[in-house]
>>> print(open('query.txt').read())   # compact mmCIF, C-alpha atoms and all ligand atoms
# COMPACT_ATOMS: atom_id res chain seq x y z
CA MET W 283 -33.61 -32.89 -0.32
CA ILE W 284 -33.98 -30.71 2.72
CA ALA W 285 -35.76 -33.51 4.54
CA ARG W 286 -32.84 -35.82 3.75
CA ALA W 287 -30.46 -33.25 5.09
CA ALA W 288 -32.51 -33.05 8.24
CA VAL W 289 -32.37 -36.81 8.69
CA ALA W 290 -28.63 -36.64 8.23
CA CYS W 291 -28.66 -33.78 10.72
CA LEU W 292 -26.79 -31.39 8.47
CA ALA W 293 -26.94 -27.66 9.02
CA LEU W 294 -29.20 -25.69 6.73
CA LEU W 295 -28.88 -22.00 6.23
CA LEU W 296 -32.41 -21.38 5.12
CA VAL W 297 -32.13 -17.85 3.84
CA GLY W 298 -33.32 -16.11 0.76
CA CYS W 299 -36.18 -18.49 0.18
CA ALA W 300 -38.07 -15.86 -1.80
CA GLY W 301 -42.61 -11.68 1.68
CA ASP W 302 -54.09 -10.00 8.12
CA ARG W 303 -54.41 -13.19 8.74
CA PRO W 304 -53.24 -15.81 8.28
CA VAL W 305 -49.61 -14.65 8.12
CA HIS W 306 -48.05 -15.71 4.84
CA GLY W 307 -44.48 -16.86 4.35
CA ASP W 308 -42.24 -18.77 1.97
CA LEU W 309 -41.46 -21.79 4.09
CA LEU W 310 -42.94 -23.41 7.18
CA VAL W 311 -40.71 -25.85 9.09
CA THR W 312 -42.33 -27.98 11.78
CA ALA W 313 -40.63 -30.26 14.31
CA ASP W 314 -41.57 -32.19 17.42
CA ARG W 315 -39.31 -29.78 19.33
CA VAL W 316 -38.12 -26.25 18.57
CA PHE W 317 -35.38 -24.73 20.76
CA ASP W 318 -35.70 -20.99 20.24
CA GLY W 319 -32.43 -20.10 22.00
CA GLU W 320 -34.09 -19.86 25.42
CA ARG W 321 -36.67 -22.62 25.74
CA VAL W 322 -38.12 -25.68 24.05
CA ILE W 323 -41.44 -25.45 22.23
CA GLU W 324 -43.14 -28.83 21.83
CA GLU W 325 -44.83 -29.47 18.47
CA GLY W 326 -43.28 -26.26 17.22
CA ALA W 327 -43.17 -24.46 13.91
CA VAL W 328 -41.05 -21.73 12.31
CA LEU W 329 -42.38 -19.59 9.47
CA ILE W 330 -39.73 -18.07 7.21
CA ASP W 331 -40.32 -15.18 4.85
CA GLY W 332 -37.46 -14.01 2.68
CA ARG W 333 -34.30 -14.13 4.75
CA SER W 334 -35.97 -13.74 8.11
CA ILE W 335 -38.10 -15.62 10.56
CA ALA W 336 -41.67 -14.33 10.54
CA ARG W 337 -43.35 -16.40 13.26
CA VAL W 338 -42.39 -19.06 15.83
CA GLY W 339 -44.62 -21.01 18.20
CA ARG W 340 -46.64 -24.11 18.74
CA ARG W 341 -47.91 -25.27 15.36
CA ALA W 342 -51.46 -25.46 16.67
CA ASP W 343 -51.35 -21.83 17.80
CA LEU W 344 -49.89 -20.30 14.64
CA ASP W 345 -52.29 -18.91 12.06
CA VAL W 346 -49.90 -19.09 9.15
CA GLU W 347 -49.66 -20.34 5.59
CA ALA W 348 -46.61 -20.94 3.42
CA GLU W 349 -45.57 -21.79 -0.12
CA ARG W 350 -43.80 -24.90 1.15
CA THR W 351 -43.82 -26.94 4.33
CA ILE W 352 -41.07 -29.20 5.69
CA ALA W 353 -42.27 -31.52 8.45
CA LEU W 354 -39.23 -32.82 10.33
CA GLY W 355 -41.19 -34.98 12.79
CA ASP W 356 -38.98 -36.50 15.50
CA ALA W 357 -36.35 -33.80 15.40
CA THR W 358 -35.24 -30.74 17.30
CA LEU W 359 -34.98 -27.52 15.34
CA LEU W 360 -32.35 -25.18 16.76
CA PRO W 361 -30.86 -21.86 15.72
CA GLY W 362 -27.70 -22.35 13.65
CA LEU W 363 -24.87 -22.62 16.14
CA ILE W 364 -22.32 -19.83 16.68
CA ASP W 365 -18.66 -20.51 17.49
CA LEU W 366 -16.96 -17.48 19.07
CA HIS W 367 -13.37 -18.70 18.62
CA VAL W 368 -12.22 -20.26 15.35
CA HIS W 369 -9.38 -19.97 12.88
CA ALA W 370 -9.17 -20.93 9.22
CA SER W 371 -12.84 -20.17 8.61
CA SER W 372 -12.05 -18.58 5.26
CA ALA W 373 -10.73 -21.86 3.87
CA LEU W 374 -13.64 -24.05 4.90
CA PRO W 375 -16.92 -22.14 4.97
CA GLU W 376 -19.03 -24.82 3.27
CA LEU W 377 -17.68 -27.53 5.53
CA LEU W 378 -18.47 -25.55 8.68
CA LEU W 379 -21.95 -24.75 7.38
CA ALA W 380 -22.58 -28.40 6.55
CA ASN W 381 -21.59 -29.41 10.08
CA GLY W 382 -23.85 -27.26 12.18
CA LEU W 383 -22.40 -23.76 12.29
CA THR W 384 -24.00 -20.76 10.62
CA THR W 385 -21.87 -18.01 12.25
CA VAL W 386 -18.24 -18.04 13.37
CA ARG W 387 -15.94 -15.44 14.85
CA ASP W 388 -12.41 -15.83 13.50
CA LEU W 389 -9.98 -14.70 16.20
CA ALA W 390 -6.67 -14.69 14.31
CA ALA W 391 -5.98 -14.47 10.62
CA PRO W 392 -3.57 -12.56 8.39
CA ILE W 393 -4.80 -9.10 7.54
CA SER W 394 -5.02 -10.12 3.88
CA LEU W 395 -7.96 -12.38 4.84
CA LEU W 396 -9.77 -9.78 6.95
CA ARG W 397 -13.14 -8.71 5.55
CA ALA W 398 -16.16 -6.92 6.90
CA PRO W 399 -18.93 -9.48 7.39
CA ARG W 400 -21.36 -9.89 4.53
CA GLU W 401 -24.89 -11.23 4.69
CA ARG W 402 -25.27 -13.64 1.80
CA SER W 403 -27.92 -16.27 1.28
CA GLY W 404 -26.80 -19.77 2.15
CA ARG W 405 -23.29 -18.70 3.20
CA LEU W 406 -21.43 -18.99 6.46
CA ARG W 407 -21.45 -15.69 8.38
CA VAL W 408 -17.85 -14.84 9.32
CA LEU W 409 -16.89 -12.05 11.74
CA GLY W 410 -13.16 -11.56 11.94
CA ALA W 411 -10.54 -9.98 14.17
CA GLY W 412 -7.71 -10.14 11.68
CA PRO W 413 -4.24 -10.17 13.25
CA ILE W 414 -3.81 -10.14 17.02
CA VAL W 415 -2.61 -6.85 18.47
CA THR W 416 0.56 -7.70 20.38
CA ALA W 417 3.74 -6.24 21.88
CA ALA W 418 6.58 -5.20 19.58
CA PRO W 419 9.03 -6.71 19.06
CA ASN W 420 8.48 -10.47 19.24
CA GLY W 421 5.15 -10.54 21.07
CA TYR W 422 2.81 -13.53 20.83
CA PRO W 423 2.16 -14.63 18.05
CA ILE W 424 4.07 -13.15 15.14
CA THR W 425 3.59 -15.92 12.59
CA ALA W 426 1.83 -19.21 12.06
CA HIS W 427 2.39 -21.31 8.97
CA GLY W 428 4.68 -18.53 7.78
CA ALA W 429 1.90 -15.93 7.68
CA PRO W 430 1.95 -12.91 9.98
CA LEU W 431 -0.75 -13.26 12.61
CA GLY W 432 0.34 -10.49 14.90
CA GLU W 433 -0.14 -6.74 14.68
CA PRO W 434 2.90 -5.60 16.71
CA VAL W 435 2.50 -2.24 18.43
CA ALA W 436 4.86 -0.07 20.47
CA GLY W 437 3.49 2.87 22.38
CA VAL W 438 0.03 4.25 22.94
CA VAL W 439 -0.12 6.23 19.68
CA GLY W 440 0.84 3.19 17.61
CA ALA W 441 -1.60 0.99 19.48
CA ARG W 442 -4.49 3.35 18.73
CA ALA W 443 -3.46 3.59 15.06
CA SER W 444 -3.39 -0.19 14.73
CA VAL W 445 -6.90 -0.54 16.13
CA ARG W 446 -8.20 2.11 13.72
CA LYS W 447 -6.52 0.30 10.83
CA LEU W 448 -8.04 -3.05 11.74
CA VAL W 449 -11.49 -1.51 12.06
CA ARG W 450 -11.08 0.15 8.64
CA ARG W 451 -10.11 -3.19 7.14
CA GLY W 452 -13.29 -4.81 8.48
CA ALA W 453 -12.50 -6.13 11.95
CA SER W 454 -15.66 -6.98 13.89
CA VAL W 455 -13.72 -7.48 17.13
CA ILE W 456 -10.25 -6.57 18.36
CA LYS W 457 -8.10 -9.33 19.81
CA ILE W 458 -5.05 -8.62 21.92
CA ALA W 459 -2.34 -11.00 23.12
CA LEU W 460 -1.50 -10.84 26.82
CA GLU W 461 0.84 -13.82 26.85
CA PRO W 462 4.16 -13.63 28.72
CA SER W 463 4.77 -17.41 28.77
CA GLY W 464 8.32 -18.31 27.75
CA GLY W 465 9.53 -14.79 28.42
CA LEU W 466 7.50 -13.15 25.63
CA PRO W 467 7.08 -9.37 25.91
CA LEU W 468 3.72 -8.04 27.13
CA LEU W 469 1.81 -4.94 26.14
CA SER W 470 2.04 -2.27 28.82
CA LEU W 471 -1.05 -1.36 30.82
CA ALA W 472 -1.16 2.01 29.04
CA GLU W 473 -1.02 0.34 25.62
CA ALA W 474 -3.68 -2.20 26.56
CA ARG W 475 -5.96 0.54 27.92
CA ALA W 476 -5.46 2.59 24.75
CA ILE W 477 -6.41 -0.41 22.61
CA VAL W 478 -9.57 -0.97 24.64
CA ASP W 479 -10.51 2.70 24.50
CA GLU W 480 -9.92 2.96 20.74
CA ALA W 481 -11.90 -0.22 20.10
CA HIS W 482 -14.82 1.02 22.19
CA ARG W 483 -14.80 4.33 20.28
CA ALA W 484 -15.33 2.23 17.14
CA ASP W 485 -18.06 0.16 18.85
CA ARG W 486 -15.91 -2.99 18.94
CA ILE W 487 -15.23 -5.20 21.92
CA VAL W 488 -11.77 -6.45 22.89
CA THR W 489 -11.10 -10.11 23.55
CA ALA W 490 -7.79 -11.14 25.09
CA HIS W 491 -5.66 -14.20 24.51
CA VAL W 492 -4.51 -15.29 27.96
CA THR W 493 -3.39 -18.61 29.35
CA GLU W 494 -1.91 -17.63 32.69
CA ARG W 495 -2.29 -15.34 35.67
CA ARG W 496 -0.23 -12.30 34.72
CA GLY W 497 -1.96 -11.80 31.38
CA ALA W 498 -5.39 -12.30 32.95
CA ARG W 499 -4.63 -9.72 35.65
CA LEU W 500 -3.52 -7.27 32.97
CA ALA W 501 -6.75 -7.95 31.03
CA LEU W 502 -8.77 -7.11 34.14
CA GLU W 503 -6.84 -3.90 34.78
CA ALA W 504 -7.03 -2.78 31.15
CA GLY W 505 -10.79 -3.27 31.02
CA VAL W 506 -10.96 -5.80 28.17
CA ASP W 507 -14.41 -7.17 27.44
CA GLU W 508 -13.72 -10.89 27.34
CA LEU W 509 -11.06 -13.59 27.67
CA ALA W 510 -10.59 -15.80 24.60
CA HIS W 511 -9.46 -18.79 26.72
CA MET W 512 -9.94 -20.12 30.21
CA PRO W 513 -6.65 -19.49 32.07
CA CYS W 514 -4.74 -22.72 32.62
CA MET W 515 -2.69 -22.33 35.76
CA GLU W 516 -3.39 -24.07 39.05
CA ASP W 517 -4.45 -22.39 42.28
CA ASP W 518 -6.24 -19.55 40.54
CA ASP W 519 -9.40 -19.47 42.66
CA ARG W 520 -8.92 -15.81 43.55
CA LEU W 521 -8.43 -14.88 39.89
CA MET W 522 -11.57 -16.80 38.94
CA ALA W 523 -13.55 -14.98 41.61
CA ASP W 524 -12.19 -11.61 40.45
CA LEU W 525 -13.04 -12.37 36.79
CA ALA W 526 -16.56 -13.37 37.78
CA ARG W 527 -16.99 -10.29 39.96
CA ALA W 528 -15.82 -8.09 37.09
CA ARG W 529 -18.43 -9.80 34.87
CA LEU W 530 -15.71 -10.64 32.35
CA PRO W 531 -17.00 -13.56 30.27
CA VAL W 532 -14.59 -16.27 29.17
CA VAL W 533 -14.64 -18.23 25.91
CA ALA W 534 -13.91 -21.59 27.50
CA THR W 535 -11.98 -23.51 24.75
CA LEU W 536 -11.76 -26.42 27.23
CA HIS W 537 -11.47 -29.11 24.56
CA VAL W 538 -8.48 -27.59 22.79
CA GLU W 539 -6.80 -26.98 26.14
CA ARG W 540 -7.26 -30.65 27.02
CA GLU W 541 -5.91 -31.66 23.59
CA ALA W 542 -2.83 -29.54 24.22
CA GLY W 543 -2.05 -31.73 27.24
CA PRO W 544 -1.73 -31.30 31.00
CA ALA W 545 1.71 -29.74 30.74
CA PHE W 546 0.25 -26.92 28.64
CA CYS W 547 -2.99 -26.49 30.54
CA PRO W 548 -3.01 -28.23 33.91
CA ALA W 549 -6.08 -26.57 35.38
CA GLY W 550 -8.39 -25.27 32.65
CA MET W 551 -11.35 -27.43 33.69
CA ALA W 552 -10.79 -26.84 37.42
CA ASN W 553 -10.68 -23.09 36.80
CA ALA W 554 -13.83 -23.26 34.66
CA ARG W 555 -15.72 -24.99 37.48
CA THR W 556 -14.51 -22.44 40.01
CA PHE W 557 -15.43 -19.61 37.64
CA VAL W 558 -18.96 -20.95 37.10
CA ARG W 559 -19.47 -21.52 40.84
CA ALA W 560 -18.44 -17.90 41.39
CA GLY W 561 -21.13 -16.77 38.94
CA GLY W 562 -18.89 -16.31 35.90
CA GLN W 563 -20.21 -16.62 32.36
CA LEU W 564 -18.68 -19.19 30.01
CA LEU W 565 -19.03 -18.72 26.24
CA TYR W 566 -18.86 -21.39 23.52
CA GLY W 567 -15.76 -21.34 21.33
CA SER W 568 -13.72 -24.26 20.04
CA ASP W 569 -10.42 -22.73 18.81
CA MET W 570 -11.07 -24.68 15.61
CA GLY W 571 -8.04 -24.91 13.36
CA ASN W 572 -5.95 -26.47 16.10
CA PRO W 573 -5.26 -30.22 16.38
CA GLY W 574 -8.12 -32.40 17.57
CA ILE W 575 -10.93 -29.91 16.97
CA PRO W 576 -13.58 -30.85 14.37
CA PHE W 577 -14.49 -28.54 11.51
CA GLY W 578 -18.06 -28.02 12.66
CA VAL W 579 -19.91 -28.08 15.97
CA ASP W 580 -17.43 -29.25 18.63
CA VAL W 581 -19.68 -31.58 20.60
CA GLU W 582 -16.88 -32.39 23.03
CA GLU W 583 -16.59 -28.69 23.91
CA LEU W 584 -20.35 -28.63 24.58
CA ARG W 585 -19.95 -31.65 26.88
CA LEU W 586 -17.08 -29.98 28.71
CA LEU W 587 -19.16 -26.83 29.26
CA ARG W 588 -21.75 -29.10 30.87
CA ARG W 589 -19.07 -30.68 33.07
CA ALA W 590 -17.88 -27.21 34.05
CA GLY W 591 -21.27 -26.64 35.64
CA LEU W 592 -23.58 -25.19 33.00
CA SER W 593 -27.04 -26.69 32.67
CA ALA W 594 -27.92 -28.26 29.34
CA ARG W 595 -30.12 -25.27 28.54
CA GLU W 596 -27.28 -22.88 29.39
CA VAL W 597 -24.92 -24.78 27.07
CA LEU W 598 -27.32 -24.46 24.14
CA TRP W 599 -27.98 -20.82 25.02
CA ALA W 600 -24.21 -20.17 25.03
CA ALA W 601 -23.90 -21.52 21.50
CA THR W 602 -26.97 -19.71 20.15
CA ALA W 603 -28.87 -16.77 21.63
CA ASP W 604 -26.18 -15.60 24.05
CA ALA W 605 -23.52 -15.78 21.34
CA GLY W 606 -25.68 -13.64 19.05
CA ARG W 607 -26.01 -11.11 21.84
CA ARG W 608 -22.26 -11.17 22.51
CA LEU W 609 -21.69 -10.38 18.83
CA GLY W 610 -24.01 -7.38 19.15
CA ARG W 611 -26.28 -9.00 16.61
CA ALA W 612 -29.30 -10.16 18.58
CA PRO W 613 -31.69 -11.72 17.66
CA LEU W 614 -29.09 -13.68 15.64
CA GLY W 615 -28.88 -17.04 17.38
CA SER W 616 -32.55 -17.08 18.34
CA LEU W 617 -35.59 -18.45 16.58
CA VAL W 618 -37.83 -15.44 17.03
CA ALA W 619 -39.67 -13.13 14.66
CA GLY W 620 -37.21 -10.83 12.93
CA ALA W 621 -34.16 -13.06 13.40
CA PRO W 622 -32.08 -14.25 10.44
CA ALA W 623 -33.41 -17.59 9.21
CA ASP W 624 -30.45 -19.72 10.33
CA LEU W 625 -31.80 -23.15 11.24
CA LEU W 626 -30.16 -26.36 12.44
CA PRO W 627 -32.37 -29.46 12.37
CA SER W 628 -31.10 -32.25 14.60
CA ARG W 629 -32.57 -35.73 14.57
CA GLY W 630 -34.15 -36.98 17.76
CA THR W 631 -32.97 -35.38 21.01
CA ARG W 632 -36.15 -36.04 22.93
CA SER W 633 -35.27 -33.50 25.57
CA PRO W 634 -32.49 -31.28 24.33
CA THR W 635 -32.28 -29.19 27.46
CA SER W 636 -31.78 -32.21 29.69
CA ASP W 637 -29.21 -33.91 27.45
CA THR W 638 -27.48 -31.19 25.50
CA SER W 639 -25.28 -33.07 23.15
CA ALA W 640 -27.28 -36.16 22.26
CA GLY W 641 -28.75 -34.90 19.02
CA LEU W 642 -25.76 -32.83 18.04
CA SER W 643 -23.31 -35.67 18.53
CA SER W 644 -25.30 -37.78 16.10
CA SER W 645 -25.16 -34.77 13.80
CA SER W 646 -21.39 -34.71 13.78
CA ARG W 647 -21.09 -38.44 13.33
CA ALA W 648 -23.65 -38.55 10.57
CA ALA W 649 -22.01 -35.95 8.41
CA PRO W 650 -19.49 -37.74 6.20
CA SER W 651 -17.42 -34.63 5.66
CA SER W 652 -17.09 -34.20 9.42
CA SER W 653 -15.95 -37.72 10.04
CA ARG W 654 -13.24 -37.27 7.46
CA THR W 655 -11.89 -34.11 8.96
CA ALA W 656 -12.60 -34.22 12.68
CA GLY W 657 -9.49 -34.37 14.76
CA ARG W 658 -7.09 -34.67 11.86
CA PRO W 659 -3.52 -33.76 12.66
CA GLY W 660 -2.60 -30.18 12.20
CA THR W 661 -0.43 -27.46 13.58
CA ARG W 662 -1.51 -25.18 16.37
CA LEU W 663 -2.34 -21.90 14.74
CA ALA W 664 -2.74 -19.27 17.37
CA GLY W 665 -4.37 -18.18 20.54
ZN ZN I 1 -7.35 -19.34 18.89
>>> encode(input="query.txt", output="structure tokens")
Amino acid sequence: MIARAAVACLALLLVGCAGDRPVHGDLLVTADRVFDGERVIEEGAVLIDGRSIARVGRRADLDVEAERTIALGDATLLPGLIDLHVHASSALPELLLANGLTTVRDLAAPISLLRAPRERSGRLRVLGAGPIVTAAPNGYPITAHGAPLGEPVAGVVGARASVRKLVRRGASVIKIALEPSGGLPLLSLAEARAIVDEAHRADRIVTAHVTERRGARLALEAGVDELAHMPCMEDDDRLMADLARARLPVVATLHVEREAGPAFCPAGMANARTFVRAGGQLLYGSDMGNPGIPFGVDVEELRLLRRAGLSAREVLWAATADAGRRLGRAPLGSLVAGAPADLLPSRGTRSPTSDTSAGLSSSSRAAPSSSRTAGRPGTRLAG
């Protein structure tokens, strides 16, 4: 059954499988290629014991034995992919897991859906922000689908209290809205700095919803840790250079920005290219839950990261090992000893680091559930 799933290129969360010389494990998975998050191992093998990876390397070099062996043959075995910007993960965990993702970061949801992440065998790993901390009154966004998605704050004391509340309720990351488009009110610099400081005291990073220049400048001044979108406005070369110099990574969300149309985001791709040329770091996140974005690995987003200037290896790294590091959960996202046993077998892909999306695109097409849901009409949720 697992071999069939591999042929169909479905995601497997191979956890909880039951742990000198040779090293003993529960399951040995071999494949013509293993991408460990950094590099490709030809004729590779991954030994799993319990919920963790015990050994990784060339099959011929590993002195291991296992209760079971799955030989994938002409396939590439990757870490389960990590999407750093989704919505609606709580409604569709099995679907996301079946279509290539093993970890998602949900960047806007009502507080009633906010939970601390739980490690459970065979389940999607969800790290949530809960509602977006925003300016009161009427900051972006207050509601979506009738549910409150904003945590409105007024004043430094209230801003700090809101961050503490979200952390108590299980927030893994704090998201703030810095969105003045359409005349919306913005958080003050003092409020934004207080949010960042309070989040850092709780060992959380702050990611900022921005789409234009003023919000991005405020994010830089306030010391946020990341932008949740590539800014959209034209003639922003200086901003891109400043973001790169400040080592502020950006979750690209280039596909959803393109789907929103040129009037909404005229220069997202141009800015991404400028940002990469300036040495900036792009992260993989799809903004899933918005129209046109599949409920699984967003292969088009991976392609757009490549077009923005990342190498194929850097694209895969962004969606695996680097994402695990960004979440503060390394070696999550890597196939190395001690990492969670999240595996994604993908058929073929003779050279995954020279043609990033080849195997993964066949994955998305091959999964019937994906083809039914990818790109279906919906309503833009948030940030
Ligand atoms: Zn979003």
>>> closest_atom_pairs(input="query.txt", of="region 473-515 of chain W", to="region 547-551 of chain W", cutoff="8 Å", atoms="only C-alpha atoms", output="JSON lines")
{"residue": "W:Thr493", "atom": "CA", "partner": "W:Cys547", "partner_atom": "CA", "distance": 8.0}
{"residue": "W:Met512", "atom": "CA", "partner": "W:Gly550", "partner_atom": "CA", "distance": 5.9}
{"residue": "W:Pro513", "atom": "CA", "partner": "W:Gly550", "partner_atom": "CA", "distance": 6.1}
{"residue": "W:Cys514", "atom": "CA", "partner": "W:Gly550", "partner_atom": "CA", "distance": 4.5}
{"residue": "W:Met515", "atom": "CA", "partner": "W:Ala549", "partner_atom": "CA", "distance": 5.4}
>>> closest_atom_pairs(input="query.txt", of="chain W", to="ligand ZN 1 (chain I)", cutoff="12 Å", atoms="only C-alpha atoms and all ligand atoms", output="tab-separated table")
residue	atom	partner	partner_atom	distance
W:Asp365	CA	I:ZN1	ZN	11.5
W:Leu366	CA	I:ZN1	ZN	9.8
W:His367	CA	I:ZN1	ZN	6.1
W:Val368	CA	I:ZN1	ZN	6.1
W:His369	CA	I:ZN1	ZN	6.4
W:Ala370	CA	I:ZN1	ZN	10.0
W:Ser371	CA	I:ZN1	ZN	11.7
W:Arg387	CA	I:ZN1	ZN	10.3
W:Asp388	CA	I:ZN1	ZN	8.2
W:Leu389	CA	I:ZN1	ZN	6.0
W:Ala390	CA	I:ZN1	ZN	6.6
W:Ala391	CA	I:ZN1	ZN	9.7
W:Gly410	CA	I:ZN1	ZN	11.9
W:Ala411	CA	I:ZN1	ZN	11.0
W:Gly412	CA	I:ZN1	ZN	11.7
W:Pro413	CA	I:ZN1	ZN	11.2
W:Ile414	CA	I:ZN1	ZN	10.0
W:Tyr422	CA	I:ZN1	ZN	11.9
W:Pro423	CA	I:ZN1	ZN	10.6
W:Ala426	CA	I:ZN1	ZN	11.4
W:Leu431	CA	I:ZN1	ZN	11.0
W:Lys457	CA	I:ZN1	ZN	10.1
W:Ile458	CA	I:ZN1	ZN	11.4
W:Ala459	CA	I:ZN1	ZN	10.6
W:Thr489	CA	I:ZN1	ZN	11.0
W:Ala490	CA	I:ZN1	ZN	10.3
W:His491	CA	I:ZN1	ZN	7.8
W:Val492	CA	I:ZN1	ZN	10.3
W:Thr493	CA	I:ZN1	ZN	11.2
W:Leu509	CA	I:ZN1	ZN	11.1
W:Ala510	CA	I:ZN1	ZN	7.5
W:His511	CA	I:ZN1	ZN	8.1
W:Met512	CA	I:ZN1	ZN	11.6
W:Val533	CA	I:ZN1	ZN	10.2
W:Ala534	CA	I:ZN1	ZN	11.1
W:Thr535	CA	I:ZN1	ZN	8.6
W:Leu536	CA	I:ZN1	ZN	11.8
W:Val538	CA	I:ZN1	ZN	9.2
W:Glu539	CA	I:ZN1	ZN	10.5
W:Gly567	CA	I:ZN1	ZN	9.0
W:Ser568	CA	I:ZN1	ZN	8.1
W:Asp569	CA	I:ZN1	ZN	4.6
W:Met570	CA	I:ZN1	ZN	7.3
W:Gly571	CA	I:ZN1	ZN	7.9
W:Asn572	CA	I:ZN1	ZN	7.8
W:Pro573	CA	I:ZN1	ZN	11.4
W:Ile575	CA	I:ZN1	ZN	11.3
W:Thr661	CA	I:ZN1	ZN	11.9
W:Arg662	CA	I:ZN1	ZN	8.6
W:Leu663	CA	I:ZN1	ZN	7.0
W:Ala664	CA	I:ZN1	ZN	4.9
W:Gly665	CA	I:ZN1	ZN	3.6
>>> axis_aligned_box(input="query.txt", around="region 331-349 of chain W", padding_each_side="5 Å", output="lines of an AutoDock Vina configuration file")
center_x = -43.3
center_y = -19.6
center_z = 9.3
size_x = 28.0
size_y = 21.7
size_z = 28.9
>>> residues_around(input="query.txt", residues="Asn420 (chain W)", least_positions_apart="3", cutoff="12 Å", atoms="all atoms listed in the file", output="list in words")
Val415, Thr416, Ala417, Pro423, Ile424, Thr425, Pro430, Leu431, Gly432, Glu433, Pro434, Val435, Ala436, Ala459, Glu461, Pro462, Gly464, Gly465, Leu466, Pro467, Leu468 and Leu469 of chain W
>>> closest_residue(input="query.txt", among="W:Leu625, W:Ala484, W:Leu564, W:Leu587", to="Arg608 (chain W)", atoms="only C-alpha atoms")
W:Leu564
>>> closest_atom_pairs(input="query.txt", of="region 587-639 of chain W", to="region 327-349 of chain W", cutoff="9 Å", atoms="all atoms listed in the file", output="JSON lines")
{"residue": "W:Leu617", "atom": "CA", "partner": "W:Val338", "partner_atom": "CA", "distance": 6.9}
{"residue": "W:Val618", "atom": "CA", "partner": "W:Val338", "partner_atom": "CA", "distance": 5.9}
{"residue": "W:Ala619", "atom": "CA", "partner": "W:Ala336", "partner_atom": "CA", "distance": 4.7}
{"residue": "W:Gly620", "atom": "CA", "partner": "W:Ile335", "partner_atom": "CA", "distance": 5.4}
{"residue": "W:Ala621", "atom": "CA", "partner": "W:Ile335", "partner_atom": "CA", "distance": 5.5}
{"residue": "W:Pro622", "atom": "CA", "partner": "W:Ser334", "partner_atom": "CA", "distance": 4.6}
{"residue": "W:Ala623", "atom": "CA", "partner": "W:Ser334", "partner_atom": "CA", "distance": 4.8}
{"residue": "W:Asp624", "atom": "CA", "partner": "W:Ser334", "partner_atom": "CA", "distance": 8.4}
>>> residues_around(input="query.txt", residues="Thr556 (chain W)", least_positions_apart="4", cutoff="12 Å", atoms="all atoms listed in the file", output="PDB file with C-alpha atoms, in the frame of the given file")
ATOM      1  CA  MET W 512      -9.940 -20.120  30.210  1.00  0.00           C
ATOM      2  CA  PRO W 513      -6.650 -19.490  32.070  1.00  0.00           C
ATOM      3  CA  GLU W 516      -3.390 -24.070  39.050  1.00  0.00           C
ATOM      4  CA  ASP W 517      -4.450 -22.390  42.280  1.00  0.00           C
ATOM      5  CA  ASP W 518      -6.240 -19.550  40.540  1.00  0.00           C
ATOM      6  CA  ASP W 519      -9.400 -19.470  42.660  1.00  0.00           C
ATOM      7  CA  ARG W 520      -8.920 -15.810  43.550  1.00  0.00           C
ATOM      8  CA  LEU W 521      -8.430 -14.880  39.890  1.00  0.00           C
ATOM      9  CA  MET W 522     -11.570 -16.800  38.940  1.00  0.00           C
ATOM     10  CA  ALA W 523     -13.550 -14.980  41.610  1.00  0.00           C
ATOM     11  CA  ASP W 524     -12.190 -11.610  40.450  1.00  0.00           C
ATOM     12  CA  LEU W 525     -13.040 -12.370  36.790  1.00  0.00           C
ATOM     13  CA  ALA W 526     -16.560 -13.370  37.780  1.00  0.00           C
ATOM     14  CA  ALA W 549      -6.080 -26.570  35.380  1.00  0.00           C
ATOM     15  CA  GLY W 550      -8.390 -25.270  32.650  1.00  0.00           C
ATOM     16  CA  MET W 551     -11.350 -27.430  33.690  1.00  0.00           C
ATOM     17  CA  ALA W 552     -10.790 -26.840  37.420  1.00  0.00           C
ATOM     18  CA  ALA W 560     -18.440 -17.900  41.390  1.00  0.00           C
ATOM     19  CA  GLY W 561     -21.130 -16.770  38.940  1.00  0.00           C
ATOM     20  CA  GLY W 562     -18.890 -16.310  35.900  1.00  0.00           C
ATOM     21  CA  GLN W 563     -20.210 -16.620  32.360  1.00  0.00           C
ATOM     22  CA  LEU W 564     -18.680 -19.190  30.010  1.00  0.00           C
ATOM     23  CA  ARG W 589     -19.070 -30.680  33.070  1.00  0.00           C
ATOM     24  CA  ALA W 590     -17.880 -27.210  34.050  1.00  0.00           C
ATOM     25  CA  GLY W 591     -21.270 -26.640  35.640  1.00  0.00           C
ATOM     26  CA  LEU W 592     -23.580 -25.190  33.000  1.00  0.00           C
TER      27      LEU W 592
END
>>> atom_distance(input="query.txt", atom1="CA of Thr384 (chain W)", atom2="CA of Leu396 (chain W)")
18.3 Å
>>> residues_around(input="query.txt", residues="Leu359 (chain W)", least_positions_apart="2", cutoff="9 Å", atoms="all atoms listed in the file", output="tab-separated table (two decimals) with C-alpha atoms, in the coordinates of the input")
chain	number	residue	atom	x	y	z
W	311	VAL	CA	-40.71	-25.85	9.09
W	312	THR	CA	-42.33	-27.98	11.78
W	313	ALA	CA	-40.63	-30.26	14.31
W	314	ASP	CA	-41.57	-32.19	17.42
W	315	ARG	CA	-39.31	-29.78	19.33
W	316	VAL	CA	-38.12	-26.25	18.57
W	317	PHE	CA	-35.38	-24.73	20.76
W	318	ASP	CA	-35.70	-20.99	20.24
W	326	GLY	CA	-43.28	-26.26	17.22
W	327	ALA	CA	-43.17	-24.46	13.91
W	328	VAL	CA	-41.05	-21.73	12.31
W	354	LEU	CA	-39.23	-32.82	10.33
W	357	ALA	CA	-36.35	-33.80	15.40
W	361	PRO	CA	-30.86	-21.86	15.72
W	625	LEU	CA	-31.80	-23.15	11.24
W	626	LEU	CA	-30.16	-26.36	12.44
W	627	PRO	CA	-32.37	-29.46	12.37
W	628	SER	CA	-31.10	-32.25	14.60
W	629	ARG	CA	-32.57	-35.73	14.57
